Structures are given as structure tokens and as C-alpha cells.
file run33.cif (mmCIF, C-alpha atoms)
data_model
#
loop_
_atom_site.group_PDB
_atom_site.id
_atom_site.type_symbol
_atom_site.label_atom_id
_atom_site.label_comp_id
_atom_site.auth_asym_id
_atom_site.auth_seq_id
_atom_site.Cartn_x
_atom_site.Cartn_y
_atom_site.Cartn_z
ATOM 1 C CA MET A 1 7.059 101.956 9.511
ATOM 2 C CA GLN A 2 3.903 100.039 10.286
ATOM 3 C CA TYR A 3 0.193 100.425 10.724
ATOM 4 C CA PRO A 4 -0.536 99.507 14.358
ATOM 5 C CA ILE A 5 -3.023 96.649 14.722
ATOM 6 C CA TYR A 6 -3.378 94.920 18.103
ATOM 7 C CA ASP A 7 -5.741 92.193 19.291
ATOM 8 C CA ASP A 8 -5.579 93.236 22.961
ATOM 9 C CA ALA A 9 -5.352 96.457 24.945
ATOM 10 C CA GLY A 10 -2.127 95.361 26.671
ATOM 11 C CA ALA A 11 -0.267 95.099 23.367
ATOM 12 C CA TRP A 12 -1.660 98.494 22.353
ATOM 13 C CA LYS A 13 -0.394 100.118 25.573
ATOM 14 C CA ARG A 14 3.054 98.485 25.269
ATOM 15 C CA ASN A 15 3.427 99.938 21.766
ATOM 16 C CA LEU A 16 2.150 103.494 22.297
ATOM 17 C CA TRP A 17 5.729 104.714 21.911
ATOM 18 C CA ARG A 18 5.443 103.882 18.213
ATOM 19 C CA ILE A 19 2.766 106.540 17.626
ATOM 20 C CA LYS A 20 3.852 109.173 20.190
ATOM 21 C CA GLU A 21 4.656 111.660 17.389
ATOM 22 C CA LEU A 22 1.090 111.569 16.046
ATOM 23 C CA ALA A 23 -1.424 114.224 17.085
ATOM 24 C CA PRO A 24 -3.873 113.109 19.834
ATOM 25 C CA PRO A 25 -6.892 112.961 17.443
ATOM 26 C CA HIS A 26 -4.950 110.605 15.161
ATOM 27 C CA GLN A 27 -3.921 108.424 18.100
ATOM 28 C CA GLU A 28 -7.572 108.277 19.208
ATOM 29 C CA MET A 29 -8.694 107.325 15.691
ATOM 30 C CA LEU A 30 -6.184 104.456 15.609
ATOM 31 C CA LEU A 31 -7.305 103.319 19.067
ATOM 32 C CA GLN A 32 -10.966 103.173 18.018
ATOM 33 C CA MET A 33 -10.118 101.012 14.976
ATOM 34 C CA GLN A 34 -8.321 98.323 16.973
ATOM 35 C CA PRO A 35 -9.757 94.784 16.946
ATOM 36 C CA PHE A 36 -9.940 94.722 20.757
ATOM 37 C CA ASN A 37 -12.416 97.643 20.654
ATOM 38 C CA SER A 38 -14.958 95.631 18.664
ATOM 39 C CA ASP A 39 -15.820 92.027 17.941
ATOM 40 C CA PRO A 40 -12.334 90.725 17.008
ATOM 41 C CA ASP A 41 -13.880 88.193 14.625
ATOM 42 C CA ALA A 42 -15.798 90.916 12.761
ATOM 43 C CA ASN A 43 -12.968 93.460 12.654
ATOM 44 C CA PHE A 44 -11.483 93.465 9.156
ATOM 45 C CA LEU A 45 -8.209 95.057 10.278
ATOM 46 C CA GLY A 46 -7.720 92.165 12.664
ATOM 47 C CA TRP A 47 -8.347 89.660 9.870
ATOM 48 C CA ILE A 48 -5.961 91.386 7.480
ATOM 49 C CA ASN A 49 -3.324 91.391 10.226
ATOM 50 C CA ARG A 50 -3.859 87.693 11.077
ATOM 51 C CA LEU A 51 -3.669 86.642 7.424
ATOM 52 C CA ALA A 52 -0.550 88.769 6.915
ATOM 53 C CA ARG A 53 1.113 87.184 9.970
ATOM 54 C CA ILE A 54 0.407 83.695 8.612
ATOM 55 C CA ASP A 55 1.993 84.688 5.304
ATOM 56 C CA ARG A 56 4.928 86.526 6.943
ATOM 57 C CA HIS A 57 5.875 83.420 8.888
ATOM 58 C CA ARG A 58 6.192 81.421 5.660
ATOM 59 C CA ASN A 59 2.942 79.518 5.914
ATOM 60 C CA LEU A 60 0.810 79.865 2.853
ATOM 61 C CA VAL A 61 -2.616 81.347 3.333
ATOM 62 C CA ASP A 62 -4.762 78.528 2.025
ATOM 63 C CA GLY A 63 -6.829 79.568 -0.970
ATOM 64 C CA THR A 64 -9.819 77.377 -1.649
ATOM 65 C CA SER A 65 -13.428 77.592 -2.851
ATOM 66 C CA ARG A 66 -16.866 77.904 -1.289
ATOM 67 C CA LEU A 67 -20.110 76.593 -2.722
ATOM 68 C CA VAL A 68 -22.159 79.765 -2.317
ATOM 69 C CA GLU A 69 -25.147 78.669 -4.338
ATOM 70 C CA LEU A 70 -26.390 75.127 -4.030
ATOM 71 C CA GLU A 71 -29.888 74.507 -5.385
ATOM 72 C CA PRO A 72 -30.043 70.867 -6.478
ATOM 73 C CA VAL A 73 -32.839 69.481 -8.631
ATOM 74 C CA PHE A 74 -33.649 65.775 -8.841
ATOM 75 C CA ALA A 75 -35.143 63.375 -11.344
ATOM 76 C CA ILE A 76 -36.353 60.159 -9.711
ATOM 77 C CA LYS A 77 -37.209 57.364 -12.111
ATOM 78 C CA GLY A 78 -38.368 53.786 -11.820
ATOM 79 C CA GLY A 79 -39.150 51.960 -8.643
ATOM 80 C CA ARG A 80 -41.628 49.254 -7.835
ATOM 81 C CA GLY A 81 -45.181 50.078 -6.930
ATOM 82 C CA LYS A 82 -46.811 53.448 -6.846
ATOM 83 C CA TYR A 83 -44.629 55.205 -4.300
ATOM 84 C CA ASN A 84 -44.106 58.920 -4.139
ATOM 85 C CA PHE A 85 -40.300 59.024 -3.783
ATOM 86 C CA THR A 86 -39.131 62.178 -2.043
ATOM 87 C CA PRO A 87 -35.531 63.394 -1.745
ATOM 88 C CA HIS A 88 -34.493 64.659 1.711
ATOM 89 C CA LEU A 89 -31.429 66.867 2.068
ATOM 90 C CA GLN A 90 -29.110 67.296 5.039
ATOM 91 C CA TRP A 91 -26.764 70.225 4.479
ATOM 92 C CA GLY A 92 -23.064 69.993 5.278
ATOM 93 C CA ASP A 93 -19.898 72.038 4.784
ATOM 94 C CA ARG A 94 -19.721 74.254 1.718
ATOM 95 C CA VAL A 95 -15.987 75.073 1.918
ATOM 96 C CA LEU A 96 -13.649 72.826 -0.041
ATOM 97 C CA ARG A 97 -10.958 71.351 2.187
ATOM 98 C CA ASN A 98 -8.310 69.226 0.474
ATOM 99 C CA GLY A 99 -10.326 69.551 -2.730
ATOM 100 C CA ARG A 100 -13.553 68.182 -1.258
ATOM 101 C CA ALA A 101 -16.723 69.449 0.409
ATOM 102 C CA ASP A 102 -19.419 67.207 1.816
ATOM 103 C CA ALA A 103 -22.057 69.785 0.947
ATOM 104 C CA ALA A 104 -25.176 67.626 1.248
ATOM 105 C CA ARG A 105 -26.433 64.148 2.002
ATOM 106 C CA ILE A 106 -29.384 63.013 -0.057
ATOM 107 C CA THR A 107 -31.744 60.287 1.084
ATOM 108 C CA ILE A 108 -34.718 58.982 -0.870
ATOM 109 C CA VAL A 109 -37.776 57.892 1.104
ATOM 110 C CA PRO A 110 -39.004 55.218 0.742
ATOM 111 C CA TRP A 111 -35.898 53.570 -0.715
ATOM 112 C CA ASP A 112 -36.184 51.042 -3.502
ATOM 113 C CA GLU A 113 -33.036 49.617 -5.160
ATOM 114 C CA THR A 114 -34.691 49.890 -8.575
ATOM 115 C CA VAL A 115 -35.035 53.664 -8.267
ATOM 116 C CA GLN A 116 -32.734 55.759 -10.440
ATOM 117 C CA VAL A 117 -31.804 59.180 -9.078
ATOM 118 C CA GLU A 118 -30.307 61.928 -11.207
ATOM 119 C CA CYS A 119 -29.171 65.179 -9.658
ATOM 120 C CA ASN A 120 -28.112 68.515 -11.082
ATOM 121 C CA PRO A 121 -26.419 70.281 -8.140
ATOM 122 C CA ARG A 122 -26.743 73.796 -9.680
ATOM 123 C CA VAL A 123 -23.679 75.171 -7.904
ATOM 124 C CA GLY A 124 -22.162 78.649 -7.770
ATOM 125 C CA ILE A 125 -18.555 78.807 -6.555
ATOM 126 C CA ASP A 126 -16.657 81.710 -4.941
ATOM 127 C CA PRO A 127 -12.951 81.951 -4.128
ATOM 128 C CA GLU A 128 -12.322 81.544 -0.396
ATOM 129 C CA ILE A 129 -9.534 81.848 2.136
ATOM 130 C CA ALA A 130 -9.639 78.737 4.332
ATOM 131 C CA GLU A 131 -8.708 80.511 7.577
ATOM 132 C CA TRP A 132 -11.275 83.261 6.986
ATOM 133 C CA SER A 133 -14.028 80.760 6.196
ATOM 134 C CA LEU A 134 -13.955 79.577 9.832
ATOM 135 C CA SER A 135 -15.044 83.004 11.095
ATOM 136 C CA GLU A 136 -18.579 82.999 12.495
ATOM 137 C CA PHE A 137 -19.022 86.613 11.369
ATOM 138 C CA TRP A 138 -17.357 86.611 7.938
ATOM 139 C CA GLY A 139 -17.747 82.928 6.983
ATOM 140 C CA PRO A 140 -21.393 83.128 5.849
ATOM 141 C CA THR A 141 -20.718 86.298 3.795
ATOM 142 C CA ARG A 142 -19.945 85.933 0.089
ATOM 143 C CA PHE A 143 -16.356 86.734 -0.809
ATOM 144 C CA SER A 144 -17.364 89.577 -3.146
ATOM 145 C CA GLU A 145 -19.430 91.164 -0.357
ATOM 146 C CA ARG A 146 -16.519 90.879 2.078
ATOM 147 C CA LEU A 147 -14.276 92.707 -0.352
ATOM 148 C CA GLN A 148 -16.861 95.470 -0.718
ATOM 149 C CA LEU A 149 -17.076 95.802 3.078
ATOM 150 C CA LEU A 150 -13.293 96.123 3.282
ATOM 151 C CA GLN A 151 -13.247 99.047 0.858
ATOM 152 C CA PRO A 152 -15.005 102.060 2.376
ATOM 153 C CA GLY A 153 -16.669 104.343 -0.105
ATOM 154 C CA LEU A 154 -17.645 101.656 -2.603
ATOM 155 C CA PRO A 155 -21.367 101.279 -3.248
ATOM 156 C CA GLN A 156 -22.890 98.508 -1.139
ATOM 157 C CA LYS A 157 -25.547 96.097 -2.369
#

call {"tool": "encode", "arguments": {"input": "run33.cif", "output": "C-alpha cells"}}
result
Amino acid sequence: MQYPIYDDAGAWKRNLWRIKELAPPHQEMLLQMQPFNSDPDANFLGWINRLARIDRHRNLVDGTSRLVELEPVFAIKGGRGKYNFTPHLQWGDRVLRNGRADAARITIVPWDETVQVECNPRVGIDPEIAEWSLSEFWGPTRFSERLQLLQPGLPQK
């Protein structure tokens, strides 16, 4: 017994024998839900199937974290002269990989070695699945919102 999920039409056609006992409307419903009939990256059935295959083949699905809120505030003290020191941010990866995320690079302009910089990163962290975080469609979506989208009938934000 299985729920048929196929990434391409060829695999679907080769496995039609598995659902031959179902009524035609049910077969059509299953066909419309297949990942190959939509954006495979956005299709949640396809993602569930891919993650299950990883797990089934004895590779752990890598659980990690994502920095979903990152709103740093700075205190800049000291410095010679009457400069207006300004922090500049370059954003990086917000998913922890091997326990680390290079989320931002901070530069202070103009730089002066006597300047003291304090930073409160003000971070909010969500659980994440490493493989899923690479998805262009799902990656930017908060984990809690993904779970809501996977459960039809729940109230959406």
C-alpha cells in the first residue's frame, strides 16, 4: 500500500497499474496532485516524498535552525576626532550549517582602531530542515507557515 507520488510523467505512466482499481475521478485527482503537474520545488507532496526517501535510505534528514528574525542594533563608542561612525551590513546565509551561519558582515565607516562596537543581534530562531532550506520556493518561508500550508483546512495568517 502506498500513496503514489511521482516527479515525472513517465514514472506516473509506468505505475498506473498500482491504481487501476480506483474510480476514474480518484485517478484524475491523484494525477493533478503530482509534483510534475506543478512547480516541483513548490509541491509539498514532492518535498514530503523526497525527505521520506532520504530517511528511508538510512541517511538522516538534517535538522538545523534558521535565523528568521535578525534586527541588530549597535552602540559605537570612542574614536578619535568628530566622525560620524556608521555601521554597514552585508547579509549572508541565515541557515545554520555545521552549527554556524555567517548571517551578516558588519563594517564601520570610517574605521578607527579606537572605536568600540557593541552589537545586540536581536535574533529569532526557527527549526529548519537543511535539505528543505535550499528550496527557492519554500526556503524563504518560515517553518511555522510551511506547516500551516501543508495542512489544508487550518486557518492561514

call {"tool": "residues_around", "arguments": {"input": "run33.cif", "residues": "Asp41 in chain A", "least_positions_apart": "4", "cutoff": "9 Å", "atoms": "all atoms listed in the file", "output": "ChimeraX atom specification"}}
result
/A:35,46-47,135-138

call {"tool": "atom_distance", "arguments": {"input": "run33.cif", "atom1": "CA of Gly92 in chain A", "atom2": "CA of Arg66 in chain A"}}
result
12.0 Å

call {"tool": "atom_distance", "arguments": {"input": "run33.cif", "atom1": "CA of Ala130 in chain A", "atom2": "CA of Gln148 in chain A"}}
result
18.9 Å

call {"tool": "closest_residue", "arguments": {"input": "run33.cif", "among": "A:Glu28, A:Thr64, A:Gln151, A:Tyr3", "to": "Asn98 in chain A", "atoms": "only C-alpha atoms"}}
result
A:Thr64

call {"tool": "closest_residue", "arguments": {"input": "run33.cif", "among": "A:Pro40, A:Pro24, A:Pro87, A:Gly78", "to": "Val109 in chain A", "atoms": "only C-alpha atoms"}}
result
A:Pro87
